$ cat start.txt   # compact mmCIF, C-alpha atoms
# COMPACT_ATOMS: atom_id res chain seq x y z
CA MET A 29 -76.47 -9.73 41.67
CA LEU A 30 -75.77 -13.12 40.06
CA ARG A 31 -72.14 -13.49 38.98
CA ILE A 32 -71.72 -16.21 36.34
CA HIS A 33 -68.08 -17.27 36.01
CA PHE A 34 -66.93 -18.49 32.58
CA THR A 35 -63.94 -20.56 31.53
CA PRO A 36 -62.70 -20.60 27.91
CA GLU A 37 -64.59 -23.89 27.47
CA ASP A 38 -67.82 -22.25 28.63
CA LEU A 39 -67.49 -19.49 26.04
CA GLN A 40 -67.47 -22.22 23.39
CA ASN A 41 -70.60 -23.82 24.83
CA ILE A 42 -73.26 -21.10 24.92
CA ARG A 43 -76.62 -22.11 23.50
CA ILE A 44 -79.81 -20.13 22.88
CA SER A 45 -83.15 -21.90 23.09
CA ARG A 46 -84.75 -21.70 19.66
CA ARG A 47 -88.34 -21.94 20.90
CA PRO A 48 -90.33 -21.04 24.03
CA ASP A 49 -89.70 -23.23 27.06
CA PRO A 50 -93.26 -24.15 28.14
CA LEU A 51 -92.48 -24.77 31.81
CA TRP A 52 -90.41 -21.62 32.28
CA GLU A 53 -93.20 -19.68 30.58
CA LEU A 54 -95.74 -21.36 32.86
CA VAL A 55 -93.79 -20.56 36.03
CA CYS A 56 -93.16 -16.95 34.96
CA ALA A 57 -96.81 -16.55 33.90
CA THR A 58 -97.90 -17.75 37.34
CA CYS A 59 -95.80 -14.98 38.89
CA ARG A 60 -97.25 -12.38 36.52
CA LEU A 61 -100.79 -13.50 37.33
CA THR A 62 -100.22 -13.00 41.05
CA THR A 63 -98.66 -9.55 40.74
CA HIS A 64 -99.71 -6.34 39.01
CA GLN A 65 -96.47 -6.08 37.07
CA GLY A 66 -96.51 -5.00 33.45
CA PRO A 67 -100.07 -3.59 33.23
CA LEU A 68 -99.58 -2.59 29.60
CA GLU A 69 -98.06 -5.93 28.54
CA PHE A 70 -100.02 -8.32 30.76
CA GLY A 71 -103.11 -6.44 31.95
CA ALA A 72 -105.47 -7.70 29.24
CA TRP A 73 -104.05 -11.21 29.61
CA ARG A 74 -104.58 -11.19 33.39
CA HIS A 75 -108.16 -10.01 32.96
CA SER A 76 -108.98 -12.74 30.42
CA VAL A 77 -107.32 -15.46 32.52
CA ARG A 78 -109.22 -14.45 35.65
CA GLU A 79 -112.50 -14.45 33.73
CA ARG A 80 -111.72 -17.92 32.44
CA LEU A 81 -110.78 -19.24 35.87
CA ALA A 82 -113.97 -17.81 37.40
CA GLY A 83 -116.02 -20.01 35.06
CA ASP A 84 -113.82 -23.11 35.21
CA PRO A 85 -113.43 -24.61 38.72
CA MET A 86 -111.04 -27.33 37.53
CA SER A 87 -108.63 -24.81 36.02
CA GLN A 88 -108.99 -22.62 39.09
CA ARG A 89 -107.95 -25.48 41.39
CA ALA A 90 -105.02 -26.37 39.14
CA VAL A 91 -103.70 -22.78 39.09
CA LEU A 92 -104.12 -22.45 42.86
CA ALA A 93 -102.05 -25.62 43.32
CA LEU A 94 -99.34 -24.20 41.08
CA GLN A 95 -99.39 -20.86 42.92
CA THR A 96 -98.72 -22.79 46.13
CA LEU A 97 -95.36 -23.87 44.70
CA VAL A 98 -94.58 -20.68 42.77
CA PRO A 99 -94.44 -17.59 45.00
CA PRO A 100 -94.21 -14.23 43.19
CA VAL A 101 -90.85 -13.60 44.91
CA GLY A 102 -88.29 -15.84 46.52
CA TYR A 103 -87.36 -19.47 46.05
CA ILE A 104 -89.15 -21.60 43.43
CA PRO A 105 -88.45 -25.36 43.33
CA ASP A 106 -86.16 -26.24 40.43
CA PHE A 107 -87.97 -29.48 39.58
CA LEU A 108 -90.77 -27.41 38.02
CA THR A 109 -88.38 -26.18 35.31
CA PRO A 110 -86.03 -29.04 34.28
CA SER A 111 -82.68 -27.84 32.98
CA SER A 112 -82.64 -30.44 30.23
CA VAL A 113 -85.79 -31.50 28.36
CA PRO A 114 -85.95 -33.69 25.23
CA GLU A 115 -87.78 -32.57 22.11
CA GLY A 116 -91.52 -32.89 22.43
CA GLY A 117 -92.83 -29.65 23.90
CA LEU A 118 -94.97 -29.55 27.01
CA ALA A 119 -95.73 -33.29 27.09
CA ALA A 120 -92.03 -34.21 27.14
CA ALA A 121 -91.31 -31.56 29.78
CA LEU A 122 -94.11 -32.86 32.00
CA ASP A 123 -92.71 -36.37 31.71
CA VAL A 124 -89.41 -35.09 33.09
CA VAL A 125 -91.19 -33.35 35.97
CA GLY A 126 -93.16 -36.49 36.75
CA ALA A 127 -89.95 -38.52 36.94
CA THR A 128 -88.32 -36.24 39.55
CA PRO A 129 -86.66 -38.43 42.24
CA ALA A 130 -88.47 -38.45 45.58
CA ARG A 131 -85.36 -37.39 47.46
CA ARG A 132 -84.97 -34.29 45.33
CA LEU A 133 -88.66 -33.45 45.74
CA ARG A 134 -88.43 -33.64 49.51
CA HIS A 135 -85.29 -31.50 49.56
CA GLU A 136 -86.74 -28.73 47.39
CA LEU A 137 -90.14 -28.71 49.08
CA THR A 138 -88.47 -28.56 52.49
CA ARG A 139 -86.54 -25.51 51.31
CA LEU A 140 -89.74 -23.92 50.02
CA GLY A 141 -91.48 -24.74 53.30
CA THR A 142 -88.95 -22.76 55.31
CA ALA A 143 -90.14 -19.59 53.56
CA ARG A 144 -93.89 -20.21 53.49
CA PRO A 145 -96.36 -22.73 54.95
CA LEU A 146 -97.27 -25.55 52.59
CA PRO A 147 -100.62 -27.39 52.49
CA ALA A 148 -100.83 -31.05 53.46
CA TRP A 149 -101.14 -32.29 49.87
CA THR A 150 -97.52 -31.36 49.15
CA THR A 151 -96.33 -34.06 51.58
CA ALA A 152 -97.76 -36.71 49.24
CA LEU A 153 -95.50 -35.65 46.38
CA GLY A 154 -92.90 -38.31 45.75
CA ARG A 155 -94.57 -41.07 47.74
CA PRO A 156 -94.35 -44.22 45.65
CA GLU A 157 -97.71 -45.48 46.89
CA GLY A 158 -99.54 -42.19 46.27
CA HIS A 159 -100.79 -40.24 43.28
CA GLY A 160 -99.57 -36.83 44.39
CA MET A 161 -97.02 -36.35 41.63
CA ARG A 162 -99.41 -37.55 38.97
CA SER A 163 -101.99 -35.04 40.22
CA LEU A 164 -99.42 -32.24 40.17
CA VAL A 165 -98.39 -33.03 36.58
CA LYS A 166 -102.06 -32.93 35.59
CA ALA A 167 -102.42 -29.57 37.36
CA LEU A 168 -99.44 -28.23 35.38
CA GLU A 169 -101.04 -29.39 32.14
CA ILE A 170 -104.39 -27.77 32.99
CA SER A 171 -102.68 -24.58 34.16
CA SER A 172 -100.75 -24.32 30.91
CA ARG A 173 -104.01 -24.36 28.97
CA ALA A 174 -105.52 -21.69 31.20
CA LEU A 175 -102.49 -19.38 31.39
CA LEU A 176 -100.51 -19.94 28.21
CA GLU A 177 -102.87 -20.97 25.40
CA PRO A 178 -104.59 -17.55 25.08
CA ARG A 179 -101.23 -15.84 24.60
CA TRP A 180 -99.16 -18.57 22.94
CA PRO A 181 -99.12 -16.99 19.43
CA HIS A 182 -97.68 -13.83 21.02
CA VAL A 183 -95.14 -15.90 22.93
CA ARG A 184 -93.96 -17.74 19.81
CA ARG A 185 -93.68 -14.53 17.78
CA ALA A 186 -91.78 -12.67 20.49
CA ILE A 187 -89.32 -15.54 21.00
CA HIS A 188 -88.84 -15.95 17.25
CA ASP A 189 -88.03 -12.25 16.84
CA GLU A 190 -85.70 -12.34 19.84
CA ILE A 191 -83.78 -15.32 18.41
CA ASP A 192 -83.46 -13.47 15.09
CA VAL A 193 -81.90 -10.47 16.84
CA ARG A 194 -79.50 -12.54 18.97
CA SER A 195 -78.52 -14.73 16.01
CA ARG A 196 -77.56 -11.70 13.93
CA ILE A 197 -75.49 -10.37 16.81
CA LEU A 198 -73.75 -13.73 17.20
CA LEU A 199 -73.03 -14.00 13.47
CA ASP A 200 -71.77 -10.42 13.20
CA GLY A 201 -69.78 -10.13 16.42
CA GLY A 202 -69.30 -13.57 17.95
CA VAL A 203 -69.93 -14.87 21.46
CA LEU A 204 -68.58 -11.81 23.28
CA ALA A 205 -70.90 -9.53 21.30
CA LEU A 206 -73.78 -11.82 22.23
CA LEU A 207 -72.94 -11.51 25.92
CA GLU A 208 -72.54 -7.75 25.60
CA SER A 209 -75.98 -7.56 23.97
CA LEU A 210 -77.67 -8.81 27.13
CA ARG A 211 -77.56 -5.29 28.58
CA PRO A 212 -79.31 -3.89 30.56
CA HIS A 213 -80.17 -7.23 32.17
CA ALA A 214 -76.55 -8.35 32.37
CA GLN A 215 -73.08 -6.86 31.95
CA TRP A 216 -70.08 -8.75 30.61
CA LYS A 217 -66.92 -8.15 32.66
CA ALA A 218 -64.62 -10.90 31.43
CA PRO A 219 -64.62 -13.62 32.57
CA VAL A 220 -67.79 -12.89 34.57
CA LEU A 221 -71.32 -12.10 33.44
CA GLU A 222 -72.92 -9.88 36.10
CA VAL A 223 -76.68 -10.37 36.05
CA ASP A 224 -79.35 -8.17 37.62
CA TYR A 225 -80.70 -10.52 40.28
CA PRO A 226 -82.63 -10.19 43.55
CA THR A 227 -79.98 -11.98 45.65
CA HIS A 228 -76.19 -12.12 45.66
CA ARG A 229 -74.73 -15.41 44.48
CA ASP A 230 -71.97 -16.84 42.30
CA LEU A 231 -72.41 -19.53 39.67
CA HIS A 232 -69.27 -21.26 38.37
CA LEU A 233 -69.96 -22.91 35.03
CA GLU A 234 -66.82 -25.08 35.16
CA GLY A 235 -66.98 -26.13 31.52
CA ARG A 236 -70.70 -26.95 31.46
CA GLY A 237 -71.56 -23.93 29.31
CA LEU A 238 -74.72 -21.88 29.60
CA ARG A 239 -78.16 -22.15 28.03
CA LEU A 240 -79.84 -18.81 27.37
CA VAL A 241 -83.64 -18.98 27.47
CA PRO A 242 -85.56 -15.91 26.25
CA SER A 243 -88.94 -15.72 27.93
CA TYR A 244 -92.10 -13.78 27.15
CA PHE A 245 -93.48 -13.87 30.71
CA CYS A 246 -90.16 -13.20 32.44
CA TRP A 247 -90.30 -9.61 33.66
CA ARG A 248 -87.68 -6.91 34.28
CA ARG A 249 -84.81 -9.13 35.42
CA PRO A 250 -83.44 -12.58 34.52
CA THR A 251 -83.91 -15.70 36.61
CA ALA A 252 -82.00 -18.95 37.00
CA LEU A 253 -82.12 -22.32 38.71
CA ALA A 254 -81.40 -22.17 42.42
CA ASP A 255 -79.27 -25.32 42.56
CA PRO A 256 -75.79 -24.63 41.08
CA ALA A 257 -75.26 -28.36 40.49
CA LEU A 258 -77.99 -28.44 37.83
CA GLY A 259 -77.39 -27.62 34.17
CA PRO A 260 -76.76 -23.84 34.03
CA VAL A 261 -79.67 -21.88 32.60
CA LEU A 262 -80.25 -18.12 32.38
CA VAL A 263 -83.83 -17.10 31.61
CA TYR A 264 -84.12 -13.47 30.51
CA PRO A 265 -86.95 -11.19 29.31
CA VAL A 266 -87.42 -10.89 25.58
CA THR A 267 -86.57 -7.52 24.06
CA ALA A 268 -90.22 -6.82 23.30
CA ARG A 269 -93.64 -8.32 23.94
CA PRO A 270 -96.38 -7.80 21.34
CA LEU A 271 -99.22 -5.84 22.90
CA ASP A 272 -102.93 -6.52 22.79
CA VAL A 273 -103.94 -3.05 21.68
CA THR A 274 -106.50 -1.85 19.16
CA GLY A 275 -104.29 0.95 17.88
CA LEU A 276 -103.73 4.55 18.89
CA ARG A 277 -105.74 6.77 16.60
CA HIS A 278 -106.32 10.50 16.23
CA GLY A 279 -102.92 11.54 17.52
CA GLY A 280 -102.85 8.97 20.31
CA LEU A 281 -99.30 7.93 19.48
CA ASP A 282 -98.10 11.54 19.76
CA ARG A 283 -99.84 11.91 23.11
CA LEU A 284 -98.36 8.65 24.38
CA LEU A 285 -94.75 9.14 23.25
CA GLY A 286 -94.44 12.84 22.45
CA ARG A 287 -94.20 14.12 18.86
CA THR A 288 -90.45 13.80 18.47
CA ARG A 289 -90.26 10.28 19.84
CA ALA A 290 -93.30 9.19 17.81
CA SER A 291 -91.64 10.61 14.68
CA VAL A 292 -88.42 8.73 15.44
CA LEU A 293 -90.33 5.47 15.92
CA THR A 294 -92.21 6.03 12.67
CA GLU A 295 -89.00 6.74 10.76
CA VAL A 296 -87.31 3.59 12.09
CA ALA A 297 -90.32 1.59 10.89
CA ARG A 298 -89.79 2.68 7.27
CA GLY A 299 -88.35 -0.47 5.74
CA ARG A 300 -84.73 -1.41 6.40
CA ALA A 301 -82.87 -0.91 9.67
CA ARG A 302 -81.69 2.69 10.10
CA THR A 303 -78.53 4.15 11.60
CA THR A 304 -78.78 6.89 14.22
CA SER A 305 -77.54 9.53 11.81
CA GLU A 306 -80.07 8.47 9.14
CA VAL A 307 -82.90 8.78 11.66
CA ALA A 308 -81.64 12.17 12.85
CA SER A 309 -81.42 13.48 9.29
CA ALA A 310 -84.86 12.19 8.28
CA VAL A 311 -86.62 13.53 11.36
CA GLY A 312 -84.68 16.79 11.35
CA ILE A 313 -83.18 16.67 14.83
CA ALA A 314 -79.64 16.76 16.16
CA LEU A 315 -77.67 13.51 16.37
CA PRO A 316 -77.47 13.55 20.21
CA SER A 317 -81.24 14.04 20.39
CA ALA A 318 -81.85 11.12 18.00
CA SER A 319 -79.52 8.95 20.05
CA TYR A 320 -81.40 9.84 23.24
CA GLN A 321 -84.82 9.16 21.70
CA LEU A 322 -83.68 5.81 20.31
CA THR A 323 -82.30 4.84 23.71
CA VAL A 324 -85.66 5.58 25.36
CA LEU A 325 -87.52 3.62 22.67
CA ARG A 326 -85.10 0.71 23.01
CA GLU A 327 -85.44 0.61 26.80
CA GLY A 328 -89.22 0.65 26.34
CA GLY A 329 -89.04 -2.39 24.05
CA LEU A 330 -90.19 -0.52 20.92
CA VAL A 331 -86.85 -0.52 19.08
CA ALA A 332 -84.07 -3.11 18.83
CA SER A 333 -80.47 -2.13 18.02
CA HIS A 334 -77.58 -4.18 16.75
CA ARG A 335 -74.07 -3.34 15.57
CA GLU A 336 -72.97 -3.85 11.97
CA GLY A 337 -69.27 -3.02 11.75
CA GLN A 338 -68.81 0.60 12.81
CA TYR A 339 -72.55 1.37 12.66
CA VAL A 340 -75.43 0.65 15.03
CA ARG A 341 -78.66 -0.05 13.18
CA HIS A 342 -82.13 0.24 14.65
CA SER A 343 -85.33 -1.59 13.76
CA VAL A 344 -88.83 -1.61 15.21
CA THR A 345 -89.82 -4.52 17.42
CA PRO A 346 -93.18 -6.32 17.23
CA MET A 347 -94.42 -4.14 20.10
CA GLY A 348 -93.46 -1.02 18.17
CA HIS A 349 -95.20 -2.23 15.02
CA ARG A 350 -98.39 -2.92 16.94
CA LEU A 351 -98.34 0.57 18.40
CA LEU A 352 -98.02 1.88 14.84
CA ASP A 353 -100.82 -0.34 13.51
CA GLY A 354 -103.46 2.24 14.39
CA ASN A 355 -101.35 5.01 12.88
CA ALA A 356 -100.68 3.57 9.43
CA ASN A 357 -101.25 6.99 7.89
CA ARG A 358 -98.04 8.19 9.57
CA LEU A 359 -96.02 5.87 7.37
CA GLN A 360 -97.56 7.42 4.25
CA GLU A 361 -96.52 10.98 5.12
CA THR A 362 -93.99 12.46 2.73
CA GLY A 363 -91.96 14.12 5.44
CA VAL A 364 -91.68 14.76 9.15
CA ALA A 365 -91.61 18.27 10.52
CA SER A 366 -88.27 19.42 11.84
CA GLY A 367 -87.39 21.23 15.03
CA LEU A 368 -90.00 19.49 17.19
CA GLY A 369 -87.89 19.59 20.35
CA ARG A 370 -87.22 16.96 22.96
CA SER A 371 -90.05 14.75 24.27

$ encode --input "start.txt" --output "structure tokens"
Amino acid sequence: MLRIHFTPEDLQNIRISRRPDPLWELVCATCRLTTHQGPLEFGAWRHSVRERLAGDPMSQRAVLALQTLVPPVGYIPDFLTPSSVPEGGLAAALDVVGATPARRLRHELTRLGTARPLPAWTTALGRPEGHGMRSLVKALEISSRALLEPRWPHVRRAIHDEIDVRSRILLDGGVLALLESLRPHAQWKAPVLEVDYPTHRDLHLEGRGLRLVPSYFCWRRPTALADPALGPVLVYPVTARPLDVTGLRHGGLDRLLGRTRASVLTEVARGRARTTSEVASAVGIALPSASYQLTVLREGGLVASHREGQYVRHSVTPMGHRLLDGNANRLQETGVASGLGRS
């Protein structure tokens, strides 16, 4: 667990990144490529990337170099994901990486080397007379084209929708509601945000605030910079990732979700955001059953929920809409059968 300690000043200095962070997405995508995590969300992407790498030796070498520095679990050097990057997208971020002080490079690579053997080329990074850092920056640029470009429209859309959801929560309920909305990845227990994390550590913000970075390729649990002296950043998975699917036809949605849950998802997709009681009434199920089905859909990334006063309203995420794309006829039905039971 990561325990992030806030002061009153920190609560006034919480920012949300308004666009994808290209280097965090690159590092997280490298982890997803190495593992088999998220077969539904990332399986088609992994297959296409591996096909591309098989026919492009230069990209293959670049990605292998990046994988050397980015293990699927454990410590990842912080210099690969600068905590503060000026406007300018990937090019500006790579400039910051390229300007990493040699002393910091040696420190972080030494730490990485205690956990896994490093090839000889890593010793050239940071040498003023060498070209190691320039070569690494070029490898990052090539890797970003190989790993990120095929999925970048999905990344932008998912981050945009995530920012919309968090912005509404912030406007309606303030900073504390925003922190509360990070469940299940994090739990607000004032003045500490307890984050699902692979190791136990404490991070004291001490007035520096916190930058929240939603990430498409981040998976299951948030991540953060290892060095507490750097600008505090919390990278967390987006609520939903659009899927590369062709649609679920001929009752496929019912078979995938169960009839009741599929009916609930379809009802939530009908125009404006719906309350739990509105969904229950329209589908013809009891309120506790509707609440349960919506919880399952929300945890699966198909539905997003936000509070408006005394009501919680539900809307379909981009992933949910794509699942419904092949079932457009469901949205034209005049009614949904009642008494379908629990899926």

$ residues_near_point --input "start.txt" --point "(-70.0, -30.7, 33.7)" --cutoff "10 Å" --atoms "all atoms listed in the file" --output "MDAnalysis selection string"
chainID A and resid 233:237 257:260

$ residues_around --input "start.txt" --residues "A:Glu295" --least-positions-apart "3" --cutoff "8 Å" --atoms "all atoms listed in the file" --output "list in words"
Ser291, Val292, Arg298, Val307, Ala310, Val311 and Leu359 of chain A

$ closest_atom_pairs --input "start.txt" --of "stretch 163-193 of chain A" --to "stretch 52-59 of chain A" --cutoff "9 Å" --atoms "only C-alpha atoms" --output "Markdown table"
| residue | atom | partner | partner_atom | distance |
| --- | --- | --- | --- | --- |
| A:Leu168 | CA | A:Leu54 | CA | 8.2 |
| A:Ser171 | CA | A:Leu54 | CA | 7.8 |
| A:Ser172 | CA | A:Leu54 | CA | 6.1 |
| A:Leu175 | CA | A:Ala57 | CA | 6.8 |
| A:Leu176 | CA | A:Leu54 | CA | 6.8 |
| A:Val183 | CA | A:Glu53 | CA | 8.8 |

$ residues_around --input "start.txt" --residues "A:Val113" --least-positions-apart "6" --cutoff "9 Å" --atoms "all atoms listed in the file" --output "list in words"
Ala120, Ala121 and Val124 of chain A

$ closest_residue --input "start.txt" --among "A:Ser343, A:Ser243, A:Thr294, A:Thr323" --to "A:Arg47" --atoms "only C-alpha atoms"
A:Ser243

$ residues_around --input "start.txt" --residues "A:Arg139" --least-positions-apart "6" --cutoff "10 Å" --atoms "only C-alpha atoms" --output "PDB file with C-alpha atoms, in the frame of the given file"
ATOM      1  CA  TYR A 103     -87.360 -19.470  46.050  1.00  0.00           C
ATOM      2  CA  ILE A 104     -89.150 -21.600  43.430  1.00  0.00           C
ATOM      3  CA  PRO A 105     -88.450 -25.360  43.330  1.00  0.00           C
ATOM      4  CA  LEU A 133     -88.660 -33.450  45.740  1.00  0.00           C
TER       5      LEU A 133
END

$ residues_around --input "start.txt" --residues "stretch 202-205 of chain A" --least-positions-apart "6" --cutoff "10 Å" --atoms "all atoms listed in the file" --output "PDB file with C-alpha atoms, keeping the file's coordinate frame"
ATOM      1  CA  LEU A  39     -67.490 -19.490  26.040  1.00  0.00           C
ATOM      2  CA  GLN A  40     -67.470 -22.220  23.390  1.00  0.00           C
ATOM      3  CA  ASN A  41     -70.600 -23.820  24.830  1.00  0.00           C
ATOM      4  CA  ILE A  42     -73.260 -21.100  24.920  1.00  0.00           C
ATOM      5  CA  ARG A 194     -79.500 -12.540  18.970  1.00  0.00           C
ATOM      6  CA  SER A 195     -78.520 -14.730  16.010  1.00  0.00           C
ATOM      7  CA  ARG A 196     -77.560 -11.700  13.930  1.00  0.00           C
ATOM      8  CA  TRP A 216     -70.080  -8.750  30.610  1.00  0.00           C
ATOM      9  CA  ALA A 218     -64.620 -10.900  31.430  1.00  0.00           C
ATOM     10  CA  HIS A 334     -77.580  -4.180  16.750  1.00  0.00           C
ATOM     11  CA  ARG A 335     -74.070  -3.340  15.570  1.00  0.00           C
TER      12      ARG A 335
END

$ closest_residue --input "start.txt" --among "A:Asp38, A:Ala143, A:Gly126, A:Phe245" --to "A:Trp73" --atoms "all atoms listed in the file"
A:Phe245

$ closest_residue --input "start.txt" --among "A:Val263, A:Ala214, A:Ile197, A:Ile313" --to "A:Ala332" --atoms "only C-alpha atoms"
A:Ile197

$ residues_around --input "start.txt" --residues "A:Ala308" --least-positions-apart "5" --cutoff "9 Å" --atoms "all atoms listed in the file" --output "mmCIF file with C-alpha atoms, in the coordinates of the input"
data_model
loop_
_atom_site.group_PDB
_atom_site.id
_atom_site.type_symbol
_atom_site.label_atom_id
_atom_site.label_comp_id
_atom_site.auth_asym_id
_atom_site.auth_seq_id
_atom_site.Cartn_x
_atom_site.Cartn_y
_atom_site.Cartn_z
ATOM 1 C CA VAL A 292 -88.420 8.730 15.440
ATOM 2 C CA THR A 303 -78.530 4.150 11.600
ATOM 3 C CA ILE A 313 -83.180 16.670 14.830
ATOM 4 C CA ALA A 314 -79.640 16.760 16.160
ATOM 5 C CA LEU A 315 -77.670 13.510 16.370
ATOM 6 C CA PRO A 316 -77.470 13.550 20.210
ATOM 7 C CA SER A 317 -81.240 14.040 20.390
ATOM 8 C CA ALA A 318 -81.850 11.120 18.000
ATOM 9 C CA SER A 319 -79.520 8.950 20.050
#

$ atom_distance --input "start.txt" --atom1 "atom CA of A:Glu37" --atom2 "atom CA of A:Arg239"
13.7 Å

$ closest_residue --input "start.txt" --among "A:Thr35, A:Glu69, A:Ile170, A:Asp106" --to "A:Ser87" --atoms "all atoms listed in the file"
A:Ile170

$ axis_aligned_box --input "start.txt" --around "stretch 129-148 of chain A" --padding-each-side "4 Å" --output "AutoDock Vina command-line options"
--center_x -92.9 --center_y -29.0 --center_z 48.8 --size_x 23.9 --size_y 26.9 --size_z 21.1

$ closest_residue --input "start.txt" --among "A:Met86, A:Val165, A:Thr150, A:Arg179" --to "A:Ala72" --atoms "only C-alpha atoms"
A:Arg179

$ atom_distance --input "start.txt" --atom1 "atom CA of A:Pro256" --atom2 "atom CA of A:His135"
14.5 Å

$ residues_near_point --input "start.txt" --point "(-90.3, -5.2, 14.1)" --cutoff "10 Å" --atoms "only C-alpha atoms" --output "list in words"
Ala186, Asp189, Ala268, Pro270, Val296, Ala297, Gly299, Ala301, Leu330, Val331, Ala332, His342, Ser343, Val344, Thr345, Pro346, Met347, Gly348, His349 and Arg350 of chain A

$ atom_distance --input "start.txt" --atom1 "atom CA of A:Gly329" --atom2 "atom CA of A:Leu206"
18.0 Å
